[in-house]
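Enquirer: Sharing final_16.tsv, TSV, C-alpha atoms:
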chain	number	residue	atom	x	y	z
A	1	MET	CA	24.03	110.54	76.32
A	2	LYS	CA	21.56	112.76	74.39
A	3	ALA	CA	23.90	112.81	71.40
A	4	ARG	CA	24.04	109.01	71.44
A	5	HIS	CA	20.26	108.70	71.53
A	6	HIS	CA	19.97	111.21	68.71
A	7	SER	CA	22.43	109.15	66.62
A	8	ILE	CA	20.44	105.95	67.22
A	9	ARG	CA	17.21	107.68	66.18
A	10	LEU	CA	18.83	108.85	62.96
A	11	ARG	CA	20.04	105.35	62.14
A	12	LEU	CA	16.56	103.87	62.80
A	13	ARG	CA	14.97	106.54	60.62
A	14	ASP	CA	17.38	105.81	57.76
A	15	LEU	CA	16.74	102.08	58.12
A	16	SER	CA	12.97	102.52	57.97
A	17	ARG	CA	13.34	104.55	54.78
A	18	ALA	CA	15.55	101.87	53.22
A	19	LEU	CA	13.24	98.93	54.00
A	20	PRO	CA	10.58	99.68	51.34
A	21	LEU	CA	13.30	99.98	48.69
A	22	ALA	CA	14.89	96.74	49.82
A	23	ALA	CA	11.54	94.97	49.69
A	24	LEU	CA	10.98	96.25	46.18
A	25	LEU	CA	14.38	95.05	45.05
A	26	LEU	CA	13.77	91.61	46.53
A	27	ALA	CA	10.43	91.37	44.76
A	28	CYS	CA	11.95	92.32	41.43
A	29	GLY	CA	15.05	90.20	41.82
A	30	PRO	CA	18.15	90.56	39.67
A	31	ALA	CA	17.54	93.04	36.87
A	32	GLY	CA	13.78	92.78	37.51
A	33	SER	CA	13.68	89.13	36.43
A	34	GLN	CA	11.40	88.04	39.29
A	35	GLY	CA	7.84	89.13	39.86
A	36	VAL	CA	7.19	89.34	36.09
A	37	ALA	CA	4.46	87.08	34.68
A	38	ALA	CA	5.77	84.22	32.56
A	39	PRO	CA	4.96	84.51	28.86
A	40	LYS	CA	1.79	82.72	27.80
A	41	ARG	CA	2.29	79.37	26.09
A	42	GLU	CA	2.03	79.60	22.32
A	43	PRO	CA	0.04	76.80	20.65
A	44	ALA	CA	1.94	74.60	18.22
A	45	ASN	CA	0.93	74.43	14.58
A	46	VAL	CA	-1.75	71.88	13.73
A	47	MET	CA	-0.31	68.76	12.14
A	48	SER	CA	-1.57	68.52	8.57
A	49	TYR	CA	-3.38	65.50	7.17
A	50	GLU	CA	-0.43	65.26	4.79
A	51	ARG	CA	1.58	63.85	7.69
A	52	ALA	CA	-1.10	61.35	8.70
A	53	ASP	CA	1.34	58.46	8.20
A	54	TRP	CA	2.90	59.49	11.53
A	55	LEU	CA	-0.35	58.55	13.27
A	56	GLU	CA	-0.26	55.02	11.86
A	57	ARG	CA	3.51	54.56	12.00
A	58	GLU	CA	5.03	51.18	12.69
A	59	GLY	CA	5.84	50.75	16.36
A	60	ARG	CA	3.42	53.38	17.65
A	61	ALA	CA	1.44	50.85	19.66
A	62	GLU	CA	4.62	49.62	21.31
A	63	SER	CA	5.96	53.09	22.14
A	64	GLU	CA	2.70	54.77	23.22
A	65	LYS	CA	0.93	51.76	24.76
A	66	PRO	CA	-2.69	52.64	23.91
A	67	GLU	CA	-3.88	49.82	26.17
A	68	VAL	CA	-2.56	51.78	29.17
A	69	VAL	CA	-4.43	54.91	28.10
A	70	ILE	CA	-7.64	52.98	27.49
A	71	ALA	CA	-7.38	51.25	30.86
A	72	ALA	CA	-6.94	54.64	32.54
A	73	MET	CA	-10.20	55.81	30.95
A	74	GLU	CA	-12.14	53.09	32.79
A	75	LEU	CA	-14.40	52.34	29.84
A	76	LYS	CA	-17.48	50.14	30.07
A	77	GLU	CA	-19.52	48.43	27.40
A	78	GLY	CA	-22.24	50.69	26.06
A	79	MET	CA	-20.49	53.96	26.90
A	80	THR	CA	-20.45	56.98	24.61
A	81	VAL	CA	-16.90	58.18	24.04
A	82	ALA	CA	-15.45	61.08	22.05
A	83	GLU	CA	-11.91	61.40	20.78
A	84	ILE	CA	-11.10	65.01	19.97
A	85	GLY	CA	-8.44	65.39	17.32
A	86	ALA	CA	-8.93	61.77	16.36
A	87	GLY	CA	-6.91	61.99	13.16
A	88	THR	CA	-6.92	58.61	11.44
A	89	GLY	CA	-8.69	56.97	14.38
A	90	PHE	CA	-5.73	55.10	15.84
A	91	PHE	CA	-7.32	55.32	19.32
A	92	SER	CA	-10.97	55.58	18.26
A	93	ARG	CA	-10.88	52.20	16.54
A	94	ARG	CA	-9.46	50.55	19.65
A	95	ILE	CA	-11.96	52.27	21.94
A	96	ALA	CA	-14.85	51.19	19.71
A	97	LYS	CA	-13.97	47.55	20.33
A	98	VAL	CA	-13.97	48.09	24.11
A	99	VAL	CA	-17.35	49.84	24.35
A	100	GLY	CA	-18.83	47.24	22.01
A	101	PRO	CA	-21.75	47.38	19.59
A	102	THR	CA	-24.01	49.05	22.16
A	103	GLY	CA	-21.51	51.86	22.64
A	104	LYS	CA	-20.37	54.52	20.21
A	105	VAL	CA	-17.34	56.65	19.55
A	106	TYR	CA	-17.46	60.17	18.18
A	107	ALA	CA	-14.20	60.63	16.26
A	108	GLU	CA	-13.78	64.40	15.91
A	109	ASP	CA	-11.28	66.27	13.79
A	110	ILE	CA	-11.15	69.71	12.16
A	111	GLN	CA	-9.62	68.38	8.93
A	112	PRO	CA	-12.09	66.60	6.63
A	113	GLN	CA	-9.18	64.83	4.96
A	114	MET	CA	-8.30	63.20	8.29
A	115	LEU	CA	-11.87	61.97	8.61
A	116	ASP	CA	-11.70	60.49	5.12
A	117	LEU	CA	-8.63	58.52	6.16
A	118	LEU	CA	-10.36	57.48	9.39
A	119	LYS	CA	-13.31	56.11	7.39
A	120	GLN	CA	-10.92	54.06	5.28
A	121	HIS	CA	-9.37	52.49	8.38
A	122	THR	CA	-12.69	51.74	10.11
A	123	SER	CA	-14.09	50.21	6.91
A	124	LYS	CA	-11.01	48.05	6.45
A	125	GLU	CA	-11.22	46.80	10.05
A	126	GLY	CA	-14.99	46.37	10.05
A	127	VAL	CA	-15.52	48.87	12.88
A	128	THR	CA	-19.09	50.15	12.65
A	129	ASN	CA	-19.64	52.16	15.85
A	130	VAL	CA	-17.25	55.06	15.11
A	131	ILE	CA	-19.04	58.25	14.06
A	132	PRO	CA	-16.86	60.82	12.25
A	133	VAL	CA	-17.50	64.41	13.37
A	134	LEU	CA	-16.14	67.48	11.60
A	135	GLY	CA	-15.46	69.99	14.35
A	136	ALA	CA	-14.24	73.58	14.45
A	137	GLU	CA	-11.30	75.14	16.26
A	138	THR	CA	-13.63	76.50	18.96
A	139	ASP	CA	-16.24	73.71	19.06
A	140	PRO	CA	-15.88	69.92	18.65
A	141	LYS	CA	-19.60	69.69	17.76
A	142	LEU	CA	-20.39	67.05	20.35
A	143	PRO	CA	-23.81	66.47	21.98
A	144	ALA	CA	-24.37	68.52	25.12
A	145	HIS	CA	-24.08	66.47	28.32
A	146	GLY	CA	-24.01	63.29	26.24
A	147	VAL	CA	-20.45	61.95	26.42
A	148	ASP	CA	-19.21	59.64	29.16
A	149	ARG	CA	-15.52	59.80	28.30
A	150	VAL	CA	-13.42	62.22	26.25
A	151	LEU	CA	-9.92	61.49	24.99
A	152	LEU	CA	-7.30	63.90	23.64
A	153	VAL	CA	-3.97	62.41	22.59
A	154	ASP	CA	-1.13	64.76	21.69
A	155	VAL	CA	-3.56	67.33	20.32
A	156	TYR	CA	-4.46	69.84	23.04
A	157	HIS	CA	-1.16	71.69	22.63
A	158	GLU	CA	-2.24	72.45	19.02
A	159	PHE	CA	-5.54	74.11	19.99
A	160	GLN	CA	-5.32	77.63	18.62
A	161	LYS	CA	-8.17	78.76	20.87
A	162	PRO	CA	-8.00	76.51	23.94
A	163	GLU	CA	-10.35	78.48	26.22
A	164	PRO	CA	-13.56	78.03	24.20
A	165	MET	CA	-12.58	74.44	23.42
A	166	LEU	CA	-12.24	73.63	27.12
A	167	ALA	CA	-15.66	75.18	27.72
A	168	ALA	CA	-17.16	73.08	24.92
A	169	ILE	CA	-15.53	69.90	26.26
A	170	ARG	CA	-16.92	70.59	29.71
A	171	ASN	CA	-20.36	71.13	28.20
A	172	CYS	CA	-20.34	67.79	26.35
A	173	LEU	CA	-19.63	65.71	29.46
A	174	ALA	CA	-22.44	63.61	30.87
A	175	PRO	CA	-22.83	63.53	34.68
A	176	GLY	CA	-19.84	61.67	36.08
A	177	GLY	CA	-17.96	61.97	32.81
A	178	THR	CA	-14.20	62.35	32.66
A	179	VAL	CA	-11.54	63.53	30.22
A	180	ALA	CA	-8.27	61.71	29.52
A	181	LEU	CA	-5.54	64.04	28.31
A	182	VAL	CA	-2.28	62.63	26.94
A	183	GLU	CA	0.67	64.93	26.19
A	184	TYR	CA	4.38	64.37	25.63
A	185	ARG	CA	6.44	65.44	28.63
A	186	LEU	CA	8.23	68.76	28.55
A	187	GLU	CA	10.14	67.78	31.68
A	188	GLY	CA	13.22	65.59	31.43
A	189	GLU	CA	14.54	63.73	28.40
A	190	SER	CA	11.96	60.98	27.88
A	191	ALA	CA	10.30	62.92	25.04
A	192	SER	CA	13.40	64.64	23.67
A	193	HIS	CA	12.71	63.05	20.28
A	194	ILE	CA	9.57	65.23	20.00
A	195	ASN	CA	9.69	68.89	18.96
A	196	ILE	CA	9.61	70.98	22.13
A	197	LYS	CA	6.58	72.94	20.86
A	198	HIS	CA	4.62	69.67	20.90
A	199	ARG	CA	5.36	68.90	24.54
A	200	MET	CA	3.75	70.15	27.76
A	201	SER	CA	4.69	70.28	31.40
A	202	VAL	CA	2.46	69.26	34.30
A	203	GLU	CA	2.44	72.88	35.43
A	204	GLN	CA	1.24	74.12	32.03
A	205	VAL	CA	-1.52	71.54	31.78
A	206	LEU	CA	-2.86	72.04	35.30
A	207	SER	CA	-2.73	75.82	35.02
A	208	GLU	CA	-4.79	75.87	31.82
A	209	TRP	CA	-7.23	73.09	32.66
A	210	ASN	CA	-7.92	74.31	36.18
A	211	ALA	CA	-8.65	77.75	34.77
A	212	GLY	CA	-10.92	76.07	32.21
A	213	GLY	CA	-13.18	74.59	34.87
A	214	PHE	CA	-11.64	71.17	35.37
A	215	GLU	CA	-10.07	69.42	38.35
A	216	LEU	CA	-7.48	66.68	38.30
A	217	VAL	CA	-8.74	63.25	39.31
A	218	ARG	CA	-5.40	61.49	38.91
A	219	ARG	CA	-2.17	61.59	36.93
A	220	ILE	CA	-0.43	58.54	35.48
A	221	GLU	CA	3.26	58.52	34.57
A	222	THR	CA	3.79	54.95	33.42
A	223	LEU	CA	3.99	55.69	29.68
A	224	PRO	CA	7.52	55.91	28.27
A	225	SER	CA	7.27	59.52	27.02
A	226	GLN	CA	3.83	60.93	27.87
A	227	HIS	CA	1.79	62.23	30.75
A	228	ILE	CA	-1.76	60.94	31.26
A	229	PHE	CA	-4.15	63.27	33.08
A	230	ILE	CA	-7.69	62.31	34.08
A	231	PHE	CA	-9.94	65.34	34.64
A	232	SER	CA	-13.51	65.87	35.73
A	233	ALA	CA	-15.58	69.03	35.41
A	234	ARG	CA	-15.23	71.16	38.52
A	235	ARG	CA	-18.43	71.54	40.45
A	236	GLY	CA	-19.78	75.03	40.27
A	237	ALA	CA	-17.79	75.91	37.14
A	238	ARG	CA	-19.88	78.26	35.01
A	239	ALA	CA	-21.40	76.62	31.96
A	240	PRO	CA	-20.51	78.13	28.57
A	241	ALA	CA	-22.91	80.76	27.25
For the structure just supplied, provide its representation as structure tokens.
Expert:
Amino acid sequence: MKARHHSIRLRLRDLSRALPLAALLLACGPAGSQGVAAPKREPANVMSYERADWLEREGRAESEKPEVVIAAMELKEGMTVAEIGAGTGFFSRRIAKVVGPTGKVYAEDIQPQMLDLLKQHTSKEGVTNVIPVLGAETDPKLPAHGVDRVLLVDVYHEFQKPEPMLAAIRNCLAPGGTVALVEYRLEGESASHINIKHRMSVEQVLSEWNAGGFELVRRIETLPSQHIFIFSARRGARAPA
């Protein structure tokens, strides 16, 4: 009987020694593939003004449905709106008509050539309440706490320095202001016609924007190929220095 008890104690002792190793192996997974942080998303290259025709391409309004995006922004006459990465002003010009003559639209871009093209389009269409703004890759140069709505369409994924840009966007929002973010879907096949570097998943967007001091208000998935996210600044998020 003593020998049997001694044998059981030995087996229990061996098992207790093996458990930490087993736990470690489970945490690491096959060949250490689990438990390792995923690589950080690499920003896509900024689309040059030389490809600006893509922004005014025939059929864009039908495939991207700007009216759905604008409705999601819940604009009102007299509002101050900023489009970051406005390019040729495809969205800015439409927004300007919604907010009316008492409202204004800051159309920001980091390429002066894009802003020159934007001015040509607004002049041709007689839109007078769009204000071109030459921004920088870390600062859109918008008035502090002075913007009711911010729009970014297929541009955030190109930010080379997204963290300071998110801080600057948060700083420009007026009380109660919101941000509409539109990005081609990385999930599924609906945006397979778009280069994969210019697409984002819900997980990627929420991870980066939550860390940047924003919280999701709602998400809209009715566009053919793009996500729409509506964000507000998170209460208590530290203001940029």
Enquirer: With distances taken over all atoms listed in the file, which of A:Lys119, A:Arg93, A:Val217, A:Ser63 is nearest to Ser190 (chain A)?
Expert: A:Ser63
Enquirer: May I have the residues within 12 Å of Val68 (chain A) as a ChimeraX atom specification, using only C-alpha atoms and disregarding those fewer than 4 positions away in the same chain?
Expert: /A:61-64,72-75,91,94-95,180,182,220-224,226-228
Enquirer: Between CA of Phe90 (chain A) and CA of Arg170 (chain A), measure the distance and give it in Å to one decimal.
Expert: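 Taking CA of Phe90 (chain A) as the start and CA of Arg170 (chain A) as the end point, the length is 23.6 Å.
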Enquirer: Fewer than 4 positions away in the same chain doesn't count, so skip those; otherwise give me all residues within 8 Å of Ser232 (chain A), counting only C-alpha atoms, as a VMD selection string.
Expert: chain A and resid 176 to 179 214 to 217
Enquirer: Is there a way to get, as a list in words, all residues within 12 Å of the point (-22.1, 48.4, 15.2) in file coordinates, counting all atoms listed in the file?
Expert: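 Every polymer residue passing the test: Gly78, Arg93, Ala96, Lys97, Val99, Gly100, Pro101, Thr102, Gly103, Lys104, Val105, Thr122, Ser123, Gly126, Val127, Thr128, Asn129, Val130 and Ile131 of chain A.
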Enquirer: For each of A:Ala136, A:Leu117, A:Ala82, A:Ile70, take the minimum atom-to-atom distance to Val98 (chain A), counting only C-alpha atoms, then give the residue where this is smallest.
Expert: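 Distance minimum relative to Val98 (chain A) lands on A:Ile70.
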Enquirer: Quick one: residues within 9 Å of Pro175 (chain A), only C-alpha atoms, excluding same-chain residues fewer than 4 positions away - as a compact mmCIF listing (two decimals) with C-alpha atoms, in the coordinates of the input?
Expert:
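File written: selection-v3.txt
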# COMPACT_ATOMS: atom_id res chain seq x y z
CA HIS A 145 -24.08 66.47 28.32
CA GLY A 146 -24.01 63.29 26.24
CA VAL A 147 -20.45 61.95 26.42
CA ASP A 148 -19.21 59.64 29.16
Enquirer: How many Å separate CA of His193 (chain A) from CA of Pro112 (chain A)?
Expert: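 Answer for the CA of His193 (chain A) to CA of Pro112 (chain A) separation: 28.5 Å.
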Enquirer: So the first atom is CA of Asn210 (chain A) and the second is CA of Gly135 (chain A); what is the distance between them in Å, to one decimal place?
Expert: 23.5 Å
Enquirer: For Arg41 (chain A), which of A:Ile230, A:Trp54, A:Ala174, A:Lys161 is the closest residue, counting all atoms listed in the file?
Expert: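 Answer, going by the shortest atom-to-atom distance: A:Lys161.
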Enquirer: Write out as a PDB file with C-alpha atoms, keeping the file's coordinate frame the residues lying within 12 Å of Asp139 (chain A), counting only C-alpha atoms and excluding same-chain residues fewer than 3 positions away.
Expert:
ATOM      1  CA  ILE A  84     -11.100  65.010  19.970  1.00  0.00           C
ATOM      2  CA  GLY A  85      -8.440  65.390  17.320  1.00  0.00           C
ATOM      3  CA  GLU A 108     -13.780  64.400  15.910  1.00  0.00           C
ATOM      4  CA  ASP A 109     -11.280  66.270  13.790  1.00  0.00           C
ATOM      5  CA  ILE A 110     -11.150  69.710  12.160  1.00  0.00           C
ATOM      6  CA  VAL A 133     -17.500  64.410  13.370  1.00  0.00           C
ATOM      7  CA  LEU A 134     -16.140  67.480  11.600  1.00  0.00           C
ATOM      8  CA  GLY A 135     -15.460  69.990  14.350  1.00  0.00           C
ATOM      9  CA  ALA A 136     -14.240  73.580  14.450  1.00  0.00           C
ATOM     10  CA  LEU A 142     -20.390  67.050  20.350  1.00  0.00           C
ATOM     11  CA  PRO A 143     -23.810  66.470  21.980  1.00  0.00           C
ATOM     12  CA  ALA A 144     -24.370  68.520  25.120  1.00  0.00           C
ATOM     13  CA  PHE A 159      -5.540  74.110  19.990  1.00  0.00           C
ATOM     14  CA  GLN A 160      -5.320  77.630  18.620  1.00  0.00           C
ATOM     15  CA  LYS A 161      -8.170  78.760  20.870  1.00  0.00           C
ATOM     16  CA  PRO A 162      -8.000  76.510  23.940  1.00  0.00           C
ATOM     17  CA  GLU A 163     -10.350  78.480  26.220  1.00  0.00           C
ATOM     18  CA  PRO A 164     -13.560  78.030  24.200  1.00  0.00           C
ATOM     19  CA  MET A 165     -12.580  74.440  23.420  1.00  0.00           C
ATOM     20  CA  LEU A 166     -12.240  73.630  27.120  1.00  0.00           C
ATOM     21  CA  ALA A 167     -15.660  75.180  27.720  1.00  0.00           C
ATOM     22  CA  ALA A 168     -17.160  73.080  24.920  1.00  0.00           C
ATOM     23  CA  ILE A 169     -15.530  69.900  26.260  1.00  0.00           C
ATOM     24  CA  ARG A 170     -16.920  70.590  29.710  1.00  0.00           C
ATOM     25  CA  ASN A 171     -20.360  71.130  28.200  1.00  0.00           C
ATOM     26  CA  CYS A 172     -20.340  67.790  26.350  1.00  0.00           C
ATOM     27  CA  PRO A 240     -20.510  78.130  28.570  1.00  0.00           C
TER      28      PRO A 240
END
Enquirer: Find the residues near Ser201 (chain A): any atom within 7 Å, counting only C-alpha atoms, skip ones fewer than 5 places away on the same chain, and give them as a list in words.
Expert: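 Residues near the query, excluding close chain neighbours: Arg185, Leu186 and Glu187 of chain A.
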Enquirer: Export region 52-70 of chain A from the structure block above, keeping N, CA and C atoms, as a PDB file, in the first residue's frame.
Expert:
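Heads up, here's the output in selection.pdb:
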ATOM      1  N   ALA A  52      -5.488  62.662 -60.232  1.00  0.00           N
ATOM      2  CA  ALA A  52      -6.713  63.312 -59.748  1.00  0.00           C
ATOM      3  C   ALA A  52      -7.938  62.963 -60.584  1.00  0.00           C
ATOM      4  N   ASP A  53      -7.740  62.541 -61.826  1.00  0.00           N
ATOM      5  CA  ASP A  53      -8.885  62.146 -62.661  1.00  0.00           C
ATOM      6  C   ASP A  53      -9.698  61.038 -62.010  1.00  0.00           C
ATOM      7  N   TRP A  54      -9.034  60.200 -61.205  1.00  0.00           N
ATOM      8  CA  TRP A  54      -9.728  59.098 -60.518  1.00  0.00           C
ATOM      9  C   TRP A  54     -10.806  59.638 -59.581  1.00  0.00           C
ATOM     10  N   LEU A  55     -10.550  60.823 -59.013  1.00  0.00           N
ATOM     11  CA  LEU A  55     -11.489  61.402 -58.055  1.00  0.00           C
ATOM     12  C   LEU A  55     -12.733  61.968 -58.733  1.00  0.00           C
ATOM     13  N   GLU A  56     -12.621  62.263 -60.025  1.00  0.00           N
ATOM     14  CA  GLU A  56     -13.748  62.821 -60.765  1.00  0.00           C
ATOM     15  C   GLU A  56     -14.209  61.869 -61.865  1.00  0.00           C
ATOM     16  N   ARG A  57     -13.891  60.596 -61.705  1.00  0.00           N
ATOM     17  CA  ARG A  57     -14.167  59.613 -62.749  1.00  0.00           C
ATOM     18  C   ARG A  57     -15.668  59.456 -62.991  1.00  0.00           C
ATOM     19  N   GLU A  58     -15.982  59.107 -64.202  1.00  0.00           N
ATOM     20  CA  GLU A  58     -17.382  58.850 -64.558  1.00  0.00           C
ATOM     21  C   GLU A  58     -17.889  57.639 -63.774  1.00  0.00           C
ATOM     22  N   GLY A  59     -19.060  57.778 -63.202  1.00  0.00           N
ATOM     23  CA  GLY A  59     -19.661  56.678 -62.463  1.00  0.00           C
ATOM     24  C   GLY A  59     -19.332  56.661 -60.978  1.00  0.00           C
ATOM     25  N   ARG A  60     -18.477  57.581 -60.527  1.00  0.00           N
ATOM     26  CA  ARG A  60     -18.131  57.558 -59.100  1.00  0.00           C
ATOM     27  C   ARG A  60     -19.362  57.802 -58.218  1.00  0.00           C
ATOM     28  N   ALA A  61     -20.185  58.746 -58.608  1.00  0.00           N
ATOM     29  CA  ALA A  61     -21.370  59.049 -57.802  1.00  0.00           C
ATOM     30  C   ALA A  61     -22.304  57.839 -57.698  1.00  0.00           C
ATOM     31  N   GLU A  62     -22.380  57.063 -58.760  1.00  0.00           N
ATOM     32  CA  GLU A  62     -23.245  55.887 -58.743  1.00  0.00           C
ATOM     33  C   GLU A  62     -22.649  54.772 -57.885  1.00  0.00           C
ATOM     34  N   SER A  63     -21.327  54.605 -57.925  1.00  0.00           N
ATOM     35  CA  SER A  63     -20.708  53.491 -57.200  1.00  0.00           C
ATOM     36  C   SER A  63     -20.426  53.803 -55.729  1.00  0.00           C
ATOM     37  N   GLU A  64     -20.222  55.081 -55.397  1.00  0.00           N
ATOM     38  CA  GLU A  64     -19.887  55.430 -54.008  1.00  0.00           C
ATOM     39  C   GLU A  64     -21.033  56.106 -53.266  1.00  0.00           C
ATOM     40  N   LYS A  65     -22.067  56.505 -53.990  1.00  0.00           N
ATOM     41  CA  LYS A  65     -23.277  57.055 -53.383  1.00  0.00           C
ATOM     42  C   LYS A  65     -22.978  58.134 -52.329  1.00  0.00           C
ATOM     43  N   PRO A  66     -22.443  59.276 -52.755  1.00  0.00           N
ATOM     44  CA  PRO A  66     -22.132  60.335 -51.794  1.00  0.00           C
ATOM     45  C   PRO A  66     -23.335  60.821 -50.997  1.00  0.00           C
ATOM     46  N   GLU A  67     -24.529  60.671 -51.567  1.00  0.00           N
ATOM     47  CA  GLU A  67     -25.726  61.105 -50.838  1.00  0.00           C
ATOM     48  C   GLU A  67     -25.936  60.286 -49.563  1.00  0.00           C
ATOM     49  N   VAL A  68     -25.505  59.018 -49.579  1.00  0.00           N
ATOM     50  CA  VAL A  68     -25.623  58.182 -48.387  1.00  0.00           C
ATOM     51  C   VAL A  68     -24.645  58.656 -47.310  1.00  0.00           C
ATOM     52  N   VAL A  69     -23.433  58.965 -47.736  1.00  0.00           N
ATOM     53  CA  VAL A  69     -22.414  59.465 -46.801  1.00  0.00           C
ATOM     54  C   VAL A  69     -22.868  60.783 -46.194  1.00  0.00           C
ATOM     55  N   ILE A  70     -23.359  61.687 -47.021  1.00  0.00           N
ATOM     56  CA  ILE A  70     -23.780  63.001 -46.540  1.00  0.00           C
ATOM     57  C   ILE A  70     -24.966  62.879 -45.596  1.00  0.00           C
TER      58      ILE A  70
END
